[in-house]
$ cat final01.pdb   # PDB, C-alpha atoms and all ligand atoms
ATOM      1  CA  MET M 522      11.006  -6.480  29.576
ATOM      2  CA  GLN M 523      13.813  -4.225  30.661
ATOM      3  CA  PHE M 524      13.510  -0.502  30.046
ATOM      4  CA  THR M 525      16.486   1.848  30.079
ATOM      5  CA  GLU M 526      16.174   5.550  30.695
ATOM      6  CA  CYS M 527      17.785   7.261  27.713
ATOM      7  CA  THR M 528      18.895  10.714  26.702
ATOM      8  CA  ILE M 529      18.693  11.268  22.952
ATOM      9  CA  GLU M 530      22.406  10.441  22.692
ATOM     10  CA  LEU M 531      22.002   7.118  24.482
ATOM     11  CA  LEU M 532      18.911   6.273  22.457
ATOM     12  CA  GLU M 533      20.859   6.894  19.248
ATOM     13  CA  GLU M 534      23.724   4.795  20.576
ATOM     14  CA  LYS M 535      21.372   1.871  21.296
ATOM     15  CA  SER M 536      19.967   2.180  17.793
ATOM     16  CA  TYR M 537      23.482   2.226  16.330
ATOM     17  CA  LEU M 538      24.348  -0.967  18.184
ATOM     18  CA  LEU M 539      21.180  -2.690  17.020
ATOM     19  CA  ALA M 540      21.906  -1.749  13.399
ATOM     20  CA  ARG M 541      25.368  -3.297  13.616
ATOM     21  CA  ARG M 542      23.802  -6.646  14.521
ATOM     22  CA  ILE M 543      21.325  -6.804  11.657
ATOM     23  CA  THR M 544      22.526  -8.767   8.637
ATOM     24  CA  GLN M 545      19.305 -10.505   7.540
ATOM     25  CA  PRO M 546      15.929  -9.163   6.408
ATOM     26  CA  THR M 547      14.275  -7.937   9.588
ATOM     27  CA  CYS M 548      11.155  -6.075  10.553
ATOM     28  CA  ILE M 549      11.751  -3.457  13.235
ATOM     29  CA  LEU M 550       8.558  -2.302  14.888
ATOM     30  CA  LEU M 551       8.731   1.062  16.640
ATOM     31  CA  TRP M 552       6.047   1.409  19.328
ATOM     32  CA  GLY M 553       5.400   4.736  21.041
ATOM     33  CA  ALA M 554       3.316   7.898  21.048
ATOM     34  CA  VAL M 555       3.819  11.043  18.979
ATOM     35  CA  GLY M 556       7.195  12.539  19.880
ATOM     36  CA  ALA M 557       8.432   9.405  21.639
ATOM     37  CA  GLY M 558      11.510   9.238  19.413
ATOM     38  CA  LYS M 559      10.586   6.649  16.780
ATOM     39  CA  THR M 560      11.967   8.696  13.909
ATOM     40  CA  VAL M 561      15.065   9.624  15.915
ATOM     41  CA  PHE M 562      15.643   5.901  16.490
ATOM     42  CA  ALA M 563      15.008   5.059  12.824
ATOM     43  CA  ARG M 564      17.361   7.796  11.602
ATOM     44  CA  ALA M 565      20.184   6.588  13.838
ATOM     45  CA  PHE M 566      19.560   3.008  12.722
ATOM     46  CA  ILE M 567      19.666   3.839   9.004
ATOM     47  CA  ARG M 568      22.803   5.957   9.359
ATOM     48  CA  SER M 569      24.528   3.249  11.334
ATOM     49  CA  TYR M 570      23.485   0.457   8.982
ATOM     50  CA  TYR M 571      24.847   2.290   5.933
ATOM     51  CA  GLU M 572      27.845   3.572   7.903
ATOM     52  CA  ASN M 573      27.052   7.147   6.905
ATOM     53  CA  GLU M 574      26.550   9.635   9.723
ATOM     54  CA  ALA M 575      25.536  12.364   7.299
ATOM     55  CA  LEU M 576      22.854  10.407   5.441
ATOM     56  CA  GLU M 577      19.660  12.416   5.181
ATOM     57  CA  VAL M 578      16.774  10.519   6.760
ATOM     58  CA  VAL M 579      13.494  12.399   6.623
ATOM     59  CA  SER M 580      10.371  11.339   8.462
ATOM     60  CA  PRO M 581       7.937   9.482   6.202
ATOM     61  CA  THR M 582       5.004  11.176   7.938
ATOM     62  CA  PHE M 583       3.583  12.502   4.679
ATOM     63  CA  THR M 584       4.959  10.022   2.157
ATOM     64  CA  ILE M 585       4.128   6.996   4.383
ATOM     65  CA  VAL M 586       7.281   5.263   3.158
ATOM     66  CA  GLN M 587      10.879   6.227   2.373
ATOM     67  CA  THR M 588      13.135   3.714   0.681
ATOM     68  CA  TYR M 589      16.921   3.469   0.863
ATOM     69  CA  PHE M 590      18.826   1.275  -1.582
ATOM     70  CA  GLY M 591      21.807  -0.596  -0.217
ATOM     71  CA  HIS M 592      23.774  -0.446  -3.465
ATOM     72  CA  GLU M 593      23.389   3.347  -3.534
ATOM     73  CA  GLU M 594      23.893   4.162   0.137
ATOM     74  CA  CYS M 595      26.807   1.792   0.728
ATOM     75  CA  PRO M 596      28.107   0.502  -2.614
ATOM     76  CA  SER M 597      31.273  -1.051  -1.161
ATOM     77  CA  LYS M 598      29.328  -3.524   0.987
ATOM     78  CA  GLU M 599      26.455  -5.897   0.451
ATOM     79  CA  LYS M 600      23.725  -4.020   2.252
ATOM     80  CA  LEU M 601      20.002  -4.651   2.208
ATOM     81  CA  ASP M 602      17.466  -2.046   1.190
ATOM     82  CA  ILE M 603      15.605  -0.310   4.027
ATOM     83  CA  TRP M 604      11.938   0.577   3.827
ATOM     84  CA  HIS M 605      11.018   3.083   6.520
ATOM     85  CA  PHE M 606       7.265   3.312   7.069
ATOM     86  CA  ASP M 607       5.125   5.697   9.086
ATOM     87  CA  LEU M 608       1.624   4.211   9.147
ATOM     88  CA  TYR M 609       0.091   6.953  11.284
ATOM     89  CA  ARG M 610      -2.115   8.141   8.432
ATOM     90  CA  ILE M 611      -3.153   4.689   7.309
ATOM     91  CA  GLU M 612      -6.819   4.206   8.021
ATOM     92  CA  ASN M 613      -7.424   0.635   7.031
ATOM     93  CA  GLU M 614      -5.653  -2.561   6.112
ATOM     94  CA  ARG M 615      -6.491  -2.153   2.438
ATOM     95  CA  GLU M 616      -4.235   0.874   2.227
ATOM     96  CA  VAL M 617      -1.462  -1.244   3.681
ATOM     97  CA  HIS M 618      -2.011  -3.884   0.999
ATOM     98  CA  GLU M 619      -1.664  -1.175  -1.605
ATOM     99  CA  LEU M 620       1.763  -0.449  -0.185
ATOM    100  CA  ASP M 621       2.804  -4.074  -0.854
ATOM    101  CA  LEU M 622       4.159  -4.233   2.654
ATOM    102  CA  ARG M 623       3.729  -7.974   2.816
ATOM    103  CA  GLU M 624       5.968  -8.549  -0.195
ATOM    104  CA  VAL M 625       8.526  -6.079   1.029
ATOM    105  CA  LEU M 626       8.902  -7.746   4.436
ATOM    106  CA  ASP M 627      10.576 -10.912   3.187
ATOM    107  CA  ASP M 628      13.636  -9.428   1.493
ATOM    108  CA  ASN M 629      14.373  -6.118   3.165
ATOM    109  CA  ILE M 630      14.855  -4.316   6.410
ATOM    110  CA  CYS M 631      11.540  -2.698   7.281
ATOM    111  CA  ILE M 632      11.302  -0.085  10.001
ATOM    112  CA  ILE M 633       7.694   0.567  10.908
ATOM    113  CA  GLU M 634       6.384   3.475  12.964
ATOM    114  CA  TRP M 635       2.794   2.977  14.196
ATOM    115  CA  PRO M 636       2.751  -0.824  13.701
ATOM    116  CA  ASP M 637      -0.524  -0.928  15.675
ATOM    117  CA  ARG M 638      -2.186   0.118  12.393
ATOM    118  CA  LEU M 639      -1.573  -3.444  11.188
ATOM    119  CA  GLN M 640      -3.540  -6.435  12.360
ATOM    120  CA  GLU M 641      -0.691  -8.858  12.081
ATOM    121  CA  ILE M 642       2.842  -8.787  10.863
ATOM    122  CA  SER M 643       4.171 -11.919   9.240
ATOM    123  CA  ALA M 644       7.898 -11.499   9.063
ATOM    124  CA  GLN M 645      10.566 -14.081   9.803
ATOM    125  CA  ARG M 646      12.543 -11.842  12.109
ATOM    126  CA  VAL M 647      10.896  -9.157  14.187
ATOM    127  CA  VAL M 648      12.512  -6.740  16.592
ATOM    128  CA  ASN M 649      10.176  -4.752  18.838
ATOM    129  CA  VAL M 650      11.323  -1.370  20.081
ATOM    130  CA  TYR M 651       9.238   0.297  22.797
ATOM    131  CA  LEU M 652       9.563   4.008  23.544
ATOM    132  CA  ASN M 653       7.865   5.910  26.336
ATOM    133  CA  VAL M 654       8.202   9.601  27.116
ATOM    134  CA  ILE M 655       9.474  10.320  30.619
ATOM    135  CA  ASP M 656      10.024  14.066  30.217
ATOM    136  CA  GLU M 657      11.428  16.500  27.627
ATOM    137  CA  LYS M 658      14.895  14.970  27.761
ATOM    138  CA  TYR M 659      14.381  11.330  28.694
ATOM    139  CA  ARG M 660      12.726   8.319  27.093
ATOM    140  CA  ASP M 661      12.263   4.800  28.399
ATOM    141  CA  LEU M 662      13.549   2.362  25.809
ATOM    142  CA  ALA M 663      13.228  -1.400  25.547
ATOM    143  CA  ILE M 664      14.465  -3.498  22.632
ATOM    144  CA  GLN M 665      13.038  -6.988  22.305
ATOM    145  CA  LEU M 666      14.984  -9.161  19.876
TER     146      LEU M 666
HETATM  147  N1  LIG S   1      15.777  11.028  24.980
HETATM  148  C1  LIG S   1      15.243  11.337  23.790
HETATM  149  N2  LIG S   1      15.128  10.396  22.829
HETATM  150  C2  LIG S   1      14.558  10.686  21.643
HETATM  151  N3  LIG S   1      14.066  11.889  21.289
HETATM  152  C3  LIG S   1      14.157  12.871  22.204
HETATM  153  C4  LIG S   1      14.733  12.635  23.491
HETATM  154  N4  LIG S   1      14.681  13.785  24.193
HETATM  155  C5  LIG S   1      14.108  14.682  23.397
HETATM  156  N5  LIG S   1      13.780  14.149  22.194
HETATM  157  C6  LIG S   1      13.112  14.877  21.119
HETATM  158  O1  LIG S   1      11.843  14.285  20.925
HETATM  159  C7  LIG S   1      11.503  14.349  19.543
HETATM  160  C8  LIG S   1      11.180  12.971  19.032
HETATM  161  O2  LIG S   1      10.677  13.136  17.748
HETATM  162  P1  LIG S   1      10.419  11.944  16.756
HETATM  163  O3  LIG S   1      11.555  10.988  16.740
HETATM  164  O4  LIG S   1      10.043  12.582  15.453
HETATM  165  O5  LIG S   1       9.129  11.249  17.416
HETATM  166  P2  LIG S   1       8.130  10.187  16.798
HETATM  167  O6  LIG S   1       8.684   9.738  15.477
HETATM  168  O7  LIG S   1       8.055   9.094  17.817
HETATM  169  O8  LIG S   1       6.817  10.912  16.676
HETATM  170  C9  LIG S   1      12.667  14.984  18.803
HETATM  171  O9  LIG S   1      12.388  16.344  18.615
HETATM  172  C10 LIG S   1      13.824  14.792  19.781
HETATM  173  O10 LIG S   1      14.790  15.803  19.659
HETATM  174 MG    MG S   2       7.927   9.692  13.526
END
$ encode --input "final01.pdb" --output "structure tokens" --more "lines below"
Ligand SMILES: Nc1ncnc2c1ncn2[C@@H]1O[C@H](COP(=O)(O)OP(=O)(O)O)[C@@H](O)[C@H]1O
Ligand SMILES: [Mg+2]
Amino acid sequence: MQFTECTIELLEEKSYLLARRITQPTCILLWGAVGAGKTVFARAFIRSYYENEALEVVSPTFTIVQTYFGHEECPSKEKLDIWHFDLYRIENEREVHELDLREVLDDNICIIEWPDRLQEISAQRVVNVYLNVIDEKYRDLAIQL
């Protein structure tokens, strides 16, 4: 796997480019420690996908999931819904079942922070994004399509 050293601007740019390529339901798994930049990556992705730089994307740390509806965020184009999860607070698989994650995966774009909370992820298309902290300004980033 090839890692690239990224400033926040480059990391956002890589996320933008990924979002431009996604046209089918896809599960994007964001791997990395607290503060690695998972939410930064997700925010850039969602803004790019809906072609709206100003779209408010809050971290789902407390809500566990935030949902964006394609027909609301980008009515002029046929865009999928995005479910942005932060599973940090999930303590067992049963809580994940209560979120209906499995049903959601088939028809939507799912962006999942803390995917290690899940035992397995059965989605047709999975993109793995790995983030490692180098220092305050730099992150190592690898995107595995
Ligand atoms: N190169 C970088 N890439 C991403 N975030 C960075 C970078 N350098 C500094 N940061 C900062 O690190 C923090 C990452 O926070 P966040 O995306 O919420 O992390 P996570 O969701 O992984 O816990 C932000 O405050 C961001 O400004
Ligand atoms: Mg986060």
$ residues_around --input "final01.pdb" --residues "Leu622 in chain M" --least-positions-apart "6" --cutoff "12 Å" --atoms "only C-alpha atoms" --output "NGL selection string"
:M and (548 or 585-586 or 604-608 or 614-616 or 628-633 or 636 or 639 or 641-644)
$ closest_atom_pairs --input "final01.pdb" --of "chain M" --to "ligand MG 2 (chain S)" --cutoff "12 Å" --atoms "only C-alpha atoms and all ligand atoms" --output "JSON lines"
{"residue": "M:Leu551", "atom": "CA", "partner": "S:MG2", "partner_atom": "MG", "distance": 9.2}
{"residue": "M:Trp552", "atom": "CA", "partner": "S:MG2", "partner_atom": "MG", "distance": 10.3}
{"residue": "M:Gly553", "atom": "CA", "partner": "S:MG2", "partner_atom": "MG", "distance": 9.4}
{"residue": "M:Ala554", "atom": "CA", "partner": "S:MG2", "partner_atom": "MG", "distance": 9.0}
{"residue": "M:Val555", "atom": "CA", "partner": "S:MG2", "partner_atom": "MG", "distance": 7.0}
{"residue": "M:Gly556", "atom": "CA", "partner": "S:MG2", "partner_atom": "MG", "distance": 7.0}
{"residue": "M:Ala557", "atom": "CA", "partner": "S:MG2", "partner_atom": "MG", "distance": 8.1}
{"residue": "M:Gly558", "atom": "CA", "partner": "S:MG2", "partner_atom": "MG", "distance": 6.9}
{"residue": "M:Lys559", "atom": "CA", "partner": "S:MG2", "partner_atom": "MG", "distance": 5.2}
{"residue": "M:Thr560", "atom": "CA", "partner": "S:MG2", "partner_atom": "MG", "distance": 4.2}
{"residue": "M:Val561", "atom": "CA", "partner": "S:MG2", "partner_atom": "MG", "distance": 7.5}
{"residue": "M:Phe562", "atom": "CA", "partner": "S:MG2", "partner_atom": "MG", "distance": 9.1}
{"residue": "M:Ala563", "atom": "CA", "partner": "S:MG2", "partner_atom": "MG", "distance": 8.5}
{"residue": "M:Arg564", "atom": "CA", "partner": "S:MG2", "partner_atom": "MG", "distance": 9.8}
{"residue": "M:Val578", "atom": "CA", "partner": "S:MG2", "partner_atom": "MG", "distance": 11.2}
{"residue": "M:Val579", "atom": "CA", "partner": "S:MG2", "partner_atom": "MG", "distance": 9.3}
{"residue": "M:Ser580", "atom": "CA", "partner": "S:MG2", "partner_atom": "MG", "distance": 5.9}
{"residue": "M:Pro581", "atom": "CA", "partner": "S:MG2", "partner_atom": "MG", "distance": 7.3}
{"residue": "M:Thr582", "atom": "CA", "partner": "S:MG2", "partner_atom": "MG", "distance": 6.5}
{"residue": "M:Phe583", "atom": "CA", "partner": "S:MG2", "partner_atom": "MG", "distance": 10.2}
{"residue": "M:Thr584", "atom": "CA", "partner": "S:MG2", "partner_atom": "MG", "distance": 11.8}
{"residue": "M:Ile585", "atom": "CA", "partner": "S:MG2", "partner_atom": "MG", "distance": 10.3}
{"residue": "M:Val586", "atom": "CA", "partner": "S:MG2", "partner_atom": "MG", "distance": 11.3}
{"residue": "M:His605", "atom": "CA", "partner": "S:MG2", "partner_atom": "MG", "distance": 10.1}
{"residue": "M:Phe606", "atom": "CA", "partner": "S:MG2", "partner_atom": "MG", "distance": 9.1}
{"residue": "M:Asp607", "atom": "CA", "partner": "S:MG2", "partner_atom": "MG", "distance": 6.6}
{"residue": "M:Leu608", "atom": "CA", "partner": "S:MG2", "partner_atom": "MG", "distance": 9.4}
{"residue": "M:Tyr609", "atom": "CA", "partner": "S:MG2", "partner_atom": "MG", "distance": 8.6}
{"residue": "M:Arg610", "atom": "CA", "partner": "S:MG2", "partner_atom": "MG", "distance": 11.4}
{"residue": "M:Ile632", "atom": "CA", "partner": "S:MG2", "partner_atom": "MG", "distance": 10.9}
{"residue": "M:Ile633", "atom": "CA", "partner": "S:MG2", "partner_atom": "MG", "distance": 9.5}
{"residue": "M:Glu634", "atom": "CA", "partner": "S:MG2", "partner_atom": "MG", "distance": 6.4}
{"residue": "M:Trp635", "atom": "CA", "partner": "S:MG2", "partner_atom": "MG", "distance": 8.5}
{"residue": "M:Pro636", "atom": "CA", "partner": "S:MG2", "partner_atom": "MG", "distance": 11.7}
{"residue": "M:Leu652", "atom": "CA", "partner": "S:MG2", "partner_atom": "MG", "distance": 11.6}
$ resolve_selection --input "final01.pdb" --expression "the PyMOL selection byres (((chain M and resi 528) around 6) and not hetatm)" --output "MDAnalysis selection string"
chainID M and resid 527 529:531 658:659
$ resolve_selection --input "final01.pdb" --expression "the PyMOL selection byres (((chain M and resi 526) around 7) and not hetatm)" --output "list in words"
Phe524, Thr525, Cys527, Tyr659, Arg660, Asp661 and Leu662 of chain M
$ residues_around --input "final01.pdb" --residues "range 592-601 of chain M" --least-positions-apart "3" --cutoff "12 Å" --atoms "all atoms listed in the file" --output "list in words"
Ala540, Arg541, Ile543, Thr544, Gln545, Pro546, Thr547, Ile567, Arg568, Ser569, Tyr570, Tyr571, Glu572, Asn573, Glu574, Ala575, Leu576, Glu577, Val578, Thr588, Tyr589, Trp604, Val625, Leu626, Asp627, Asp628, Asn629, Ile630 and Cys631 of chain M
$ write_last_selection --input "final01.pdb" --atoms "C-alpha atoms" --output "compact mmCIF listing (two decimals), in the frame of the given file"
# COMPACT_ATOMS: atom_id res chain seq x y z
CA ALA M 540 21.91 -1.75 13.40
CA ARG M 541 25.37 -3.30 13.62
CA ILE M 543 21.32 -6.80 11.66
CA THR M 544 22.53 -8.77 8.64
CA GLN M 545 19.30 -10.50 7.54
CA PRO M 546 15.93 -9.16 6.41
CA THR M 547 14.28 -7.94 9.59
CA ILE M 567 19.67 3.84 9.00
CA ARG M 568 22.80 5.96 9.36
CA SER M 569 24.53 3.25 11.33
CA TYR M 570 23.48 0.46 8.98
CA TYR M 571 24.85 2.29 5.93
CA GLU M 572 27.84 3.57 7.90
CA ASN M 573 27.05 7.15 6.90
CA GLU M 574 26.55 9.64 9.72
CA ALA M 575 25.54 12.36 7.30
CA LEU M 576 22.85 10.41 5.44
CA GLU M 577 19.66 12.42 5.18
CA VAL M 578 16.77 10.52 6.76
CA THR M 588 13.14 3.71 0.68
CA TYR M 589 16.92 3.47 0.86
CA TRP M 604 11.94 0.58 3.83
CA VAL M 625 8.53 -6.08 1.03
CA LEU M 626 8.90 -7.75 4.44
CA ASP M 627 10.58 -10.91 3.19
CA ASP M 628 13.64 -9.43 1.49
CA ASN M 629 14.37 -6.12 3.16
CA ILE M 630 14.86 -4.32 6.41
CA CYS M 631 11.54 -2.70 7.28
$ atom_distance --input "final01.pdb" --atom1 "CA of Ala663 in chain M" --atom2 "CA of Arg646 in chain M"
17.0 Å
$ atom_distance --input "final01.pdb" --atom1 "CA of Leu538 in chain M" --atom2 "CA of Ile664 in chain M"
11.1 Å
$ closest_residue --input "final01.pdb" --among "M:Val617, M:Ala565, M:Ile549, M:Ile611" --to "ligand LIG 1 (chain S)" --atoms "only C-alpha atoms and all ligand atoms"
M:Ala565
$ closest_residue --input "final01.pdb" --among "M:Gln645, M:Asn653, M:Gln587, M:Gln640" --to "ligand LIG 1 (chain S)" --atoms "all atoms listed in the file"
M:Asn653
$ closest_residue --input "final01.pdb" --among "M:Asn613, M:Asn649, M:Gln665, M:Ser536" --to "ligand LIG 1 (chain S)" --atoms "all atoms listed in the file"
M:Ser536
$ atom_distance --input "final01.pdb" --atom1 "CA of Gly591 in chain M" --atom2 "CA of Ile603 in chain M"
7.5 Å
$ closest_residue --input "final01.pdb" --among "M:Asp621, M:Met522, M:Asp602, M:Leu532" --to "ligand LIG 1 (chain S)" --atoms "only C-alpha atoms and all ligand atoms"
M:Leu532
$ closest_residue --input "final01.pdb" --among "M:Val648, M:Leu550, M:Leu666, M:Arg542" --to "ligand LIG 1 (chain S)" --atoms "only C-alpha atoms and all ligand atoms"
M:Leu550
$ decode --input "final01.pdb" --residues "range 523-558 of chain M" --atoms "C-alpha atoms" --output "mmCIF file, in the first residue's frame"
data_model
loop_
_atom_site.group_PDB
_atom_site.id
_atom_site.type_symbol
_atom_site.label_atom_id
_atom_site.label_comp_id
_atom_site.auth_asym_id
_atom_site.auth_seq_id
_atom_site.Cartn_x
_atom_site.Cartn_y
_atom_site.Cartn_z
ATOM 1 C CA GLN M 523 1.281 3.416 -0.911
ATOM 2 C CA PHE M 524 1.078 6.191 1.656
ATOM 3 C CA THR M 525 1.320 9.865 0.753
ATOM 4 C CA GLU M 526 2.340 12.523 3.219
ATOM 5 C CA CYS M 527 -0.463 15.085 3.236
ATOM 6 C CA THR M 528 -1.110 18.550 4.559
ATOM 7 C CA ILE M 529 -4.775 19.144 5.354
ATOM 8 C CA GLU M 530 -5.179 20.810 1.948
ATOM 9 C CA LEU M 531 -3.754 17.823 0.088
ATOM 10 C CA LEU M 532 -5.812 15.406 2.161
ATOM 11 C CA GLU M 533 -8.964 17.339 1.263
ATOM 12 C CA GLU M 534 -7.916 17.365 -2.380
ATOM 13 C CA LYS M 535 -7.481 13.568 -2.380
ATOM 14 C CA SER M 536 -10.909 13.210 -0.809
ATOM 15 C CA TYR M 537 -12.411 15.527 -3.429
ATOM 16 C CA LEU M 538 -10.928 13.422 -6.213
ATOM 17 C CA LEU M 539 -12.224 10.205 -4.686
ATOM 18 C CA ALA M 540 -15.733 11.666 -4.394
ATOM 19 C CA ARG M 541 -15.737 12.576 -8.082
ATOM 20 C CA ARG M 542 -15.178 8.918 -8.975
ATOM 21 C CA ILE M 543 -18.004 7.482 -6.897
ATOM 22 C CA THR M 544 -21.237 6.917 -8.805
ATOM 23 C CA GLN M 545 -22.467 3.650 -7.251
ATOM 24 C CA PRO M 546 -23.395 2.702 -3.685
ATOM 25 C CA THR M 547 -20.075 2.398 -1.884
ATOM 26 C CA CYS M 548 -18.866 1.855 1.634
ATOM 27 C CA ILE M 549 -15.926 4.069 2.558
ATOM 28 C CA LEU M 550 -14.108 2.875 5.646
ATOM 29 C CA LEU M 551 -12.004 5.481 7.432
ATOM 30 C CA TRP M 552 -9.254 3.891 9.543
ATOM 31 C CA GLY M 553 -7.180 5.966 11.955
ATOM 32 C CA ALA M 554 -6.798 7.154 15.530
ATOM 33 C CA VAL M 555 -8.521 10.083 17.226
ATOM 34 C CA GLY M 556 -7.514 13.271 15.416
ATOM 35 C CA ALA M 557 -6.125 11.448 12.384
ATOM 36 C CA GLY M 558 -8.402 13.388 10.038
#
